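What follows is a single structure, written as structure tokens, with notes after it.
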2 protein chains.
Amino acid sequence: MTEMSSATIADVAKRAGVSSATVSRVINRNYPVATSTRERVEAAIAELGYVANAHARALAGSTNRTVGIIINDVVDPFYAYIARGVEREATVHGRLCMVCCTQGSHEKELALIDLLHEQRADAVILVGGAHEDRAYAAEVGRRARALHTAGSTLVLCGRPSLGDDVPTKVVEYDNEGGAFAITDYLITQGHRRILFLGGPPSLSTTIARLAGHRRALEMRGLAQAKELVHTGSFNRRFGYDKVRALLAEGLDFTAIFAANDTVAAGVMQALELAGVSVPEEISVVGYDDVPVAQELRPQLTTVRIPLEEMGRQAVRLALGVAGESDYLAPVQTTTRVGTSIVVRGSVAPPR
Amino acid sequence: MTEMSSATIADVAKRAGVSSATVSRVINRNYPVATSTRERVEAAIAELGYVANAHARALAGSTNRTVGIIINDVVDPFYAYIARGVEREATVHGRLCMVCCTQGSHEKELALIDLLHEQRADAVILVGGAHEDRAYAAEVGRRARALHTAGSTLVLCGRPSLGDDVPTKVVEYDNEGGAFAITDYLITQGHRRILFLGGPPSLSTTIARLAGHRRALEMRGLAQAKELVHTGSFNRRFGYDKVRALLAEGLDFTAIFAANDTVAAGVMQALELAGVSVPEEISVVGYDDVPVAQELRPQLTTVRIPLEEMGRQAVRLALGVAGESDYLAPVQTTTRVGTSIVVRGSVAPPR
DNA sequence: CTGAAAGCGCTAACAT
DNA sequence: ATGTTAGCGCTTTCAG
């Protein structure tokens, strides 16, 4: 059995008959080394199966060359696409990506920011909407400052800024605008009684979507009927159950705006089961444009968010990679991406 | 502006008027410390916003408390569910999880194993089928040995062992058995001409599925018709294009076994477009049982793999957590989970 | 072009 | 109960 501990740079140095400084130089290629020396060192590395210790490196040098991302859940496509963008852009900049999941727990989220800070991540990216909660916001703010002081950056991706006095960078998308646009589209098609379904009521994401929805209604002189708004959660089950219940109680509406595509999938299934045809009898729209939107029948008309691009922007912002080559620009601190509606087959004029 | 470098344990010690060892003790709670001292130290930590440096810790102590997972792509649900299992089980054992993506590149995969080794991950989990390639297998084997020597573990999750002389642990699922079962189900329903579609031909995953398929055929005395096997890739597009082409050339078949659910989604869309009804005219089955299977209409009959459980097993195996409390058992090195067919609405007897 | 030596921030004996 | 003191493995001046 081989010994249970790896070779160190000193072992390599001894074997190659040089100093450890020289070994470091051939590894990092940041300093001239004679070819013959380099070859001897490389041979020693291979023979010993030497693998540098990233911790010792991080400790001696400065940066750890990693970025951390904190999301709710890897299997949720909303997060997965953002994570993909982060992962890819991090790779482009030679960074390793650490993905952590909160399962929606605030405490876990705060603990993960700390953990990533301990790891000395070059950036920690917090993804997804935030619940309104002053105490929690204060905790996040405290950590943002700590990270900033340590030379790292907290970036908020898809959630509102914590205020100008909190050192974060933010990547936002036009959430309200997307909701406005798709509601207006529904109105244009002739719908007047539109059911808004899903989304945790205190989540910033839900609030913005609801605000856009309401603004569109008001712009057309339509009052927002209280019985038509049913927030709750972002899962499929909610859409399914709620539609079943509302159908049973005979509520009057001609279209449904699901707070996201997942909820819309549940909505469509409930409608299907009740024998209600989409879009002939009821129109349905969603939000996010994740893959399921294209699998539903009819295919779902929804709002597209450039999720992967948001992830990329988050790491660019954090790493200070110039978007434009304007060398006089101050360090950019906020990026905003647009949303757009994608029309498929789930909307028709009401009967 | 606060100074741009974080407080160290020495700063905390000075401020609290104790030695750094004492600070270390209160942080790690692994040694008695007087209550009054502890309080002073905690106050100092809070005032300074001290956050321990995980690298210094990893360097001084031994383990880094992280596990790494290498997958093709975060947004692919097959990988995402396994990643979720890894993430959750890692958390249970107090480990942080680093997720890395290869985009299907062998070189990147090897580089990532090295990277994770450099990070001194407690385990590196390699997920998904492998291509047949001796040189590549040798490279993976070399890294498995290096990891082993360093006291870490390479676990192969969903791919075949590299042989008994290579120190890895493996989590496998009954891939061949699932393919056998679902093919047999199709035959039982009366199908004789079954199209096998998709999966990279040299990937171990595809090979096993095809083998199970063939075995079921043979067991029923049916010869495998060459024109009925079309491997290719695991994406939706492949399923769509291939079915369109085969339909156009008038190939005779009554059922399609898509190598995974994603391919099945493409298959179903092509069938829909061609006006072929499922399952009345053509039956379709998939593999994996990822969410899309339930969104398709009709819902897809497919083979279920306990993906998340595989991820959990992988970390348990790597960390040496006893599955059973059999304290005499040797260190377990392989786990195998079963697959099962889930019957939904996409299969019917042929006309 | 190469070596010597001083840390980086922390933990773990070993003292007291 | 607390302090002292070595390192952990690497990078990086500073000297040759």
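Scheme for the structure tokens: letters A, B, ... for chains in order shown; per-chain residue numbers from 1; ligand numbers from 1 in order shown.
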Find the nearest atom pair between each residue of chain A and chain C for residues within 7 Å, count only C-alpha atoms (C1' of nucleotides), give distances in Å to one decimal, sort rows by chain and ascending number, and present the table as CSV.
```
residue,atom,partner,partner_atom,distance
A:Ser19,CA,C:DG3,C1',6.2
A:Thr22,CA,C:DT2,C1',6.8
A:Val33,CA,C:DC1,C1',6.2
A:Ala34,CA,C:DC1,C1',6.6
A:Leu59,CA,C:DC8,C1',4.9
A:Ala60,CA,C:DC8,C1',4.6
```
May I have the selected residues written with N, CA, C and O atoms, as an mmCIF file, in the first residue's frame?
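Dumped everything to out.cif:
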```
data_model
loop_
_atom_site.group_PDB
_atom_site.id
_atom_site.type_symbol
_atom_site.label_atom_id
_atom_site.label_comp_id
_atom_site.auth_asym_id
_atom_site.auth_seq_id
_atom_site.Cartn_x
_atom_site.Cartn_y
_atom_site.Cartn_z
ATOM 1 N N SER A 19 15.172 23.802 -5.259
ATOM 2 C CA SER A 19 14.469 24.318 -4.090
ATOM 3 C C SER A 19 12.973 24.342 -4.366
ATOM 4 O O SER A 19 12.540 24.282 -5.509
ATOM 5 N N THR A 22 11.737 26.973 -6.772
ATOM 6 C CA THR A 22 11.844 26.655 -8.195
ATOM 7 C C THR A 22 10.658 25.808 -8.653
ATOM 8 O O THR A 22 10.083 26.027 -9.719
ATOM 9 N N VAL A 33 12.478 29.848 -15.850
ATOM 10 C CA VAL A 33 13.169 28.686 -15.272
ATOM 11 C C VAL A 33 13.901 28.015 -16.426
ATOM 12 O O VAL A 33 13.358 27.900 -17.516
ATOM 13 N N ALA A 34 15.108 27.594 -16.193
ATOM 14 C CA ALA A 34 15.898 26.955 -17.253
ATOM 15 C C ALA A 34 15.169 25.692 -17.712
ATOM 16 O O ALA A 34 14.567 24.968 -16.914
ATOM 17 N N LEU A 59 -3.801 30.246 1.034
ATOM 18 C CA LEU A 59 -3.297 30.883 2.245
ATOM 19 C C LEU A 59 -2.075 31.743 1.928
ATOM 20 O O LEU A 59 -1.943 32.861 2.402
ATOM 21 N N ALA A 60 -1.214 31.209 1.123
ATOM 22 C CA ALA A 60 0.013 31.935 0.796
ATOM 23 C C ALA A 60 -0.264 33.082 -0.176
ATOM 24 O O ALA A 60 0.189 34.202 0.011
#
```
Got a sec to pull out which chain B residues are within 6 Å of chain A, counting only C-alpha atoms, and send them as a PDB file with N, CA, C and O atoms, in the first residue's frame?
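Contents of out09.pdb, as written:
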```pdb
ATOM      1  N   MET B   4      -9.422  46.937   3.927  1.00  0.00           N
ATOM      2  CA  MET B   4      -9.801  45.882   3.002  1.00  0.00           C
ATOM      3  C   MET B   4      -9.297  44.491   3.352  1.00  0.00           C
ATOM      4  O   MET B   4      -9.146  43.646   2.477  1.00  0.00           O
ATOM      5  N   SER B   5      -8.996  44.233   4.590  1.00  0.00           N
ATOM      6  CA  SER B   5      -8.591  42.875   4.893  1.00  0.00           C
ATOM      7  C   SER B   5      -9.241  42.456   6.193  1.00  0.00           C
ATOM      8  O   SER B   5      -9.408  43.268   7.109  1.00  0.00           O
ATOM      9  N   SER B   6      -9.603  41.231   6.248  1.00  0.00           N
ATOM     10  CA  SER B   6     -10.384  40.791   7.391  1.00  0.00           C
ATOM     11  C   SER B   6      -9.518  40.582   8.629  1.00  0.00           C
ATOM     12  O   SER B   6      -8.312  40.424   8.557  1.00  0.00           O
ATOM     13  N   ALA B  52     -13.633  32.983  10.250  1.00  0.00           N
ATOM     14  CA  ALA B  52     -12.489  32.086  10.156  1.00  0.00           C
ATOM     15  C   ALA B  52     -12.094  31.816   8.711  1.00  0.00           C
ATOM     16  O   ALA B  52     -12.929  31.810   7.813  1.00  0.00           O
ATOM     17  N   ASN B  53     -10.844  31.582   8.469  1.00  0.00           N
ATOM     18  CA  ASN B  53     -10.354  31.276   7.136  1.00  0.00           C
ATOM     19  C   ASN B  53     -10.302  29.755   6.965  1.00  0.00           C
ATOM     20  O   ASN B  53      -9.496  29.066   7.573  1.00  0.00           O
ATOM     21  N   ALA B  54     -11.188  29.283   6.107  1.00  0.00           N
ATOM     22  CA  ALA B  54     -11.302  27.836   5.915  1.00  0.00           C
ATOM     23  C   ALA B  54     -10.013  27.225   5.367  1.00  0.00           C
ATOM     24  O   ALA B  54      -9.726  26.055   5.593  1.00  0.00           O
ATOM     25  N   HIS B  55      -9.225  28.014   4.649  1.00  0.00           N
ATOM     26  CA  HIS B  55      -7.998  27.457   4.077  1.00  0.00           C
ATOM     27  C   HIS B  55      -6.945  27.226   5.146  1.00  0.00           C
ATOM     28  O   HIS B  55      -6.292  26.193   5.181  1.00  0.00           O
ATOM     29  N   VAL B  74     -25.843  21.063 -15.191  1.00  0.00           N
ATOM     30  CA  VAL B  74     -26.806  21.258 -14.098  1.00  0.00           C
ATOM     31  C   VAL B  74     -28.251  21.260 -14.531  1.00  0.00           C
ATOM     32  O   VAL B  74     -29.123  20.927 -13.746  1.00  0.00           O
ATOM     33  N   VAL B  75     -28.526  21.700 -15.744  1.00  0.00           N
ATOM     34  CA  VAL B  75     -29.928  21.826 -16.098  1.00  0.00           C
ATOM     35  C   VAL B  75     -30.532  20.516 -16.585  1.00  0.00           C
ATOM     36  O   VAL B  75     -31.733  20.418 -16.752  1.00  0.00           O
ATOM     37  N   ALA B  80     -29.263  16.743 -12.304  1.00  0.00           N
ATOM     38  CA  ALA B  80     -29.729  17.626 -11.238  1.00  0.00           C
ATOM     39  C   ALA B  80     -30.264  16.836 -10.051  1.00  0.00           C
ATOM     40  O   ALA B  80     -29.988  17.177  -8.896  1.00  0.00           O
ATOM     41  N   MET B  98     -19.312  21.070  -3.831  1.00  0.00           N
ATOM     42  CA  MET B  98     -18.864  21.843  -4.984  1.00  0.00           C
ATOM     43  C   MET B  98     -19.315  21.117  -6.249  1.00  0.00           C
ATOM     44  O   MET B  98     -18.949  19.953  -6.458  1.00  0.00           O
ATOM     45  N   VAL B  99     -20.112  21.792  -7.038  1.00  0.00           N
ATOM     46  CA  VAL B  99     -20.635  21.179  -8.252  1.00  0.00           C
ATOM     47  C   VAL B  99     -19.870  21.687  -9.464  1.00  0.00           C
ATOM     48  O   VAL B  99     -19.744  22.886  -9.661  1.00  0.00           O
ATOM     49  N   GLU B 118      -7.005  19.065  -5.766  1.00  0.00           N
ATOM     50  CA  GLU B 118      -6.263  20.211  -5.232  1.00  0.00           C
ATOM     51  C   GLU B 118      -7.013  20.849  -4.074  1.00  0.00           C
ATOM     52  O   GLU B 118      -6.411  21.313  -3.116  1.00  0.00           O
ATOM     53  N   GLN B 119      -8.328  20.858  -4.204  1.00  0.00           N
ATOM     54  CA  GLN B 119      -9.141  21.439  -3.132  1.00  0.00           C
ATOM     55  C   GLN B 119      -9.201  20.508  -1.927  1.00  0.00           C
ATOM     56  O   GLN B 119      -9.821  20.820  -0.929  1.00  0.00           O
ATOM     57  N   THR B 149      -4.537   7.721  -2.498  1.00  0.00           N
ATOM     58  CA  THR B 149      -3.292   7.916  -1.755  1.00  0.00           C
ATOM     59  C   THR B 149      -3.398   9.119  -0.823  1.00  0.00           C
ATOM     60  O   THR B 149      -2.866   9.126   0.270  1.00  0.00           O
ATOM     61  N   ALA B 150      -4.130  10.117  -1.297  1.00  0.00           N
ATOM     62  CA  ALA B 150      -4.263  11.327  -0.495  1.00  0.00           C
ATOM     63  C   ALA B 150      -5.334  11.179   0.576  1.00  0.00           C
ATOM     64  O   ALA B 150      -5.644  12.132   1.291  1.00  0.00           O
ATOM     65  N   GLY B 151      -5.950   9.987   0.644  1.00  0.00           N
ATOM     66  CA  GLY B 151      -6.947   9.780   1.679  1.00  0.00           C
ATOM     67  C   GLY B 151      -8.357  10.176   1.284  1.00  0.00           C
ATOM     68  O   GLY B 151      -9.249  10.250   2.113  1.00  0.00           O
TER      69      GLY B 151
END
```
- Item | Gap from CA of Gln299 in chain A to CA of Arg193 in chain A - Å, one decimal | 21.8 Å
- Task: Tell me the residues of chain D close to chain B, meaning within 12 Å using only C-alpha atoms (C1' of nucleotides), as a ChimeraX atom specification.
- Result: /D:1-10
- Message: So that I can see what lies close to Ala274 in chain A, please list as an MDAnalysis selection string the residues with an atom at most 10 Å from it, counting only C-alpha atoms (C1' of nucleotides) and leaving out residues fewer than 2 positions away in the same chain.
- Response: chainID A and resid 243:244 247:248 268:272 276:277
Keeping only C-alpha atoms, write the selected residues as a JSON list (two decimals), in the first residue's frame.
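Printed below is part_39.json as written:
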```
[["chain", "number", "residue", "atom", "x", "y", "z"],
["A", 243, "VAL", "CA", -57.94, 25.59, -10.04],
["A", 244, "ARG", "CA", -59.90, 22.55, -8.99],
["A", 247, "LEU", "CA", -63.77, 25.66, -10.69],
["A", 248, "ALA", "CA", -65.85, 23.80, -8.14],
["A", 268, "MET", "CA", -53.28, 22.97, -17.16],
["A", 269, "GLN", "CA", -53.62, 19.55, -15.65],
["A", 270, "ALA", "CA", -56.55, 20.61, -13.49],
["A", 271, "LEU", "CA", -58.23, 22.17, -16.50],
["A", 272, "GLU", "CA", -57.65, 19.05, -18.55],
["A", 276, "VAL", "CA", -62.06, 22.60, -19.83],
["A", 277, "SER", "CA", -60.28, 23.23, -23.09]]
```
- Task: Report the residues of range 1-183 of chain B whose backbone DSSP state falls under alpha helix (DSSP H), written as a VMD selection string.
- Result: chain B and resid 9 to 16 20 to 28 35 to 48 54 to 60 77 to 92 106 to 118 134 to 149 175 to 183
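Across the structure, CA of Asn28 in chain B and CA of Ile125 in chain B are spaced 28.5 Å apart.
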- Can you list every residue in range 185-319 of chain B that DSSP puts in strand (DSSP E or B), as a list in words? Ile194, Leu195, Phe196, Leu197, Leu203, Val229, His230, Ala255, Ile256, Phe257, Ala258, Ser283, Val284, Val285, Asp288, Thr301, Thr302, Val303 and Arg304 of chain B
Generate a file of the selected residues that holds N, CA and C atoms, formatted as a PDB file, in the first residue's frame.
```pdb
ATOM      1  N   ILE B 194     -40.127  -3.059 -32.441  1.00  0.00           N
ATOM      2  CA  ILE B 194     -39.871  -1.944 -31.530  1.00  0.00           C
ATOM      3  C   ILE B 194     -38.628  -1.178 -31.957  1.00  0.00           C
ATOM      4  N   LEU B 195     -38.815   0.105 -32.110  1.00  0.00           N
ATOM      5  CA  LEU B 195     -37.719   0.970 -32.519  1.00  0.00           C
ATOM      6  C   LEU B 195     -36.941   1.388 -31.275  1.00  0.00           C
ATOM      7  N   PHE B 196     -35.626   1.227 -31.289  1.00  0.00           N
ATOM      8  CA  PHE B 196     -34.805   1.713 -30.163  1.00  0.00           C
ATOM      9  C   PHE B 196     -34.142   2.995 -30.641  1.00  0.00           C
ATOM     10  N   LEU B 197     -34.339   4.069 -29.903  1.00  0.00           N
ATOM     11  CA  LEU B 197     -33.910   5.382 -30.381  1.00  0.00           C
ATOM     12  C   LEU B 197     -33.084   6.191 -29.393  1.00  0.00           C
ATOM     13  N   LEU B 203     -21.496   5.144 -25.246  1.00  0.00           N
ATOM     14  CA  LEU B 203     -21.679   5.439 -23.828  1.00  0.00           C
ATOM     15  C   LEU B 203     -22.143   4.190 -23.085  1.00  0.00           C
ATOM     16  N   VAL B 229     -32.677  -0.229 -34.770  1.00  0.00           N
ATOM     17  CA  VAL B 229     -31.833   0.371 -33.731  1.00  0.00           C
ATOM     18  C   VAL B 229     -31.139   1.632 -34.254  1.00  0.00           C
ATOM     19  N   HIS B 230     -31.414   2.736 -33.618  1.00  0.00           N
ATOM     20  CA  HIS B 230     -30.813   4.000 -34.034  1.00  0.00           C
ATOM     21  C   HIS B 230     -30.286   4.754 -32.831  1.00  0.00           C
ATOM     22  N   ALA B 255     -43.932   0.357 -31.908  1.00  0.00           N
ATOM     23  CA  ALA B 255     -43.576   0.963 -30.624  1.00  0.00           C
ATOM     24  C   ALA B 255     -42.182   1.571 -30.692  1.00  0.00           C
ATOM     25  N   ILE B 256     -41.949   2.541 -29.825  1.00  0.00           N
ATOM     26  CA  ILE B 256     -40.638   3.185 -29.765  1.00  0.00           C
ATOM     27  C   ILE B 256     -40.130   3.151 -28.335  1.00  0.00           C
ATOM     28  N   PHE B 257     -38.903   2.673 -28.175  1.00  0.00           N
ATOM     29  CA  PHE B 257     -38.233   2.696 -26.879  1.00  0.00           C
ATOM     30  C   PHE B 257     -37.198   3.808 -26.973  1.00  0.00           C
ATOM     31  N   ALA B 258     -37.516   4.955 -26.389  1.00  0.00           N
ATOM     32  CA  ALA B 258     -36.572   6.071 -26.412  1.00  0.00           C
ATOM     33  C   ALA B 258     -35.550   5.832 -25.308  1.00  0.00           C
ATOM     34  N   SER B 283     -46.925   3.086 -29.740  1.00  0.00           N
ATOM     35  CA  SER B 283     -46.663   3.178 -28.302  1.00  0.00           C
ATOM     36  C   SER B 283     -45.266   3.759 -28.100  1.00  0.00           C
ATOM     37  N   VAL B 284     -45.089   4.458 -26.989  1.00  0.00           N
ATOM     38  CA  VAL B 284     -43.782   5.068 -26.709  1.00  0.00           C
ATOM     39  C   VAL B 284     -43.413   4.837 -25.240  1.00  0.00           C
ATOM     40  N   VAL B 285     -42.152   4.479 -25.003  1.00  0.00           N
ATOM     41  CA  VAL B 285     -41.669   4.414 -23.624  1.00  0.00           C
ATOM     42  C   VAL B 285     -40.340   5.151 -23.551  1.00  0.00           C
ATOM     43  N   ASP B 288     -35.693   6.918 -17.295  1.00  0.00           N
ATOM     44  CA  ASP B 288     -35.230   7.883 -16.276  1.00  0.00           C
ATOM     45  C   ASP B 288     -36.345   8.349 -15.335  1.00  0.00           C
ATOM     46  N   THR B 301     -44.923   6.234 -20.104  1.00  0.00           N
ATOM     47  CA  THR B 301     -44.551   5.011 -19.393  1.00  0.00           C
ATOM     48  C   THR B 301     -43.038   4.920 -19.512  1.00  0.00           C
ATOM     49  N   THR B 302     -42.376   4.721 -18.392  1.00  0.00           N
ATOM     50  CA  THR B 302     -40.920   4.823 -18.431  1.00  0.00           C
ATOM     51  C   THR B 302     -40.273   3.992 -17.317  1.00  0.00           C
ATOM     52  N   VAL B 303     -38.963   4.051 -17.233  1.00  0.00           N
ATOM     53  CA  VAL B 303     -38.245   3.315 -16.200  1.00  0.00           C
ATOM     54  C   VAL B 303     -37.775   4.302 -15.145  1.00  0.00           C
ATOM     55  N   ARG B 304     -38.098   4.012 -13.925  1.00  0.00           N
ATOM     56  CA  ARG B 304     -37.725   4.923 -12.849  1.00  0.00           C
ATOM     57  C   ARG B 304     -36.374   4.550 -12.244  1.00  0.00           C
TER      58      ARG B 304
END
```
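CA of Pro279 in chain A to CA of His191 in chain A spans 11.8 Å [interatomic distance, one decimal].
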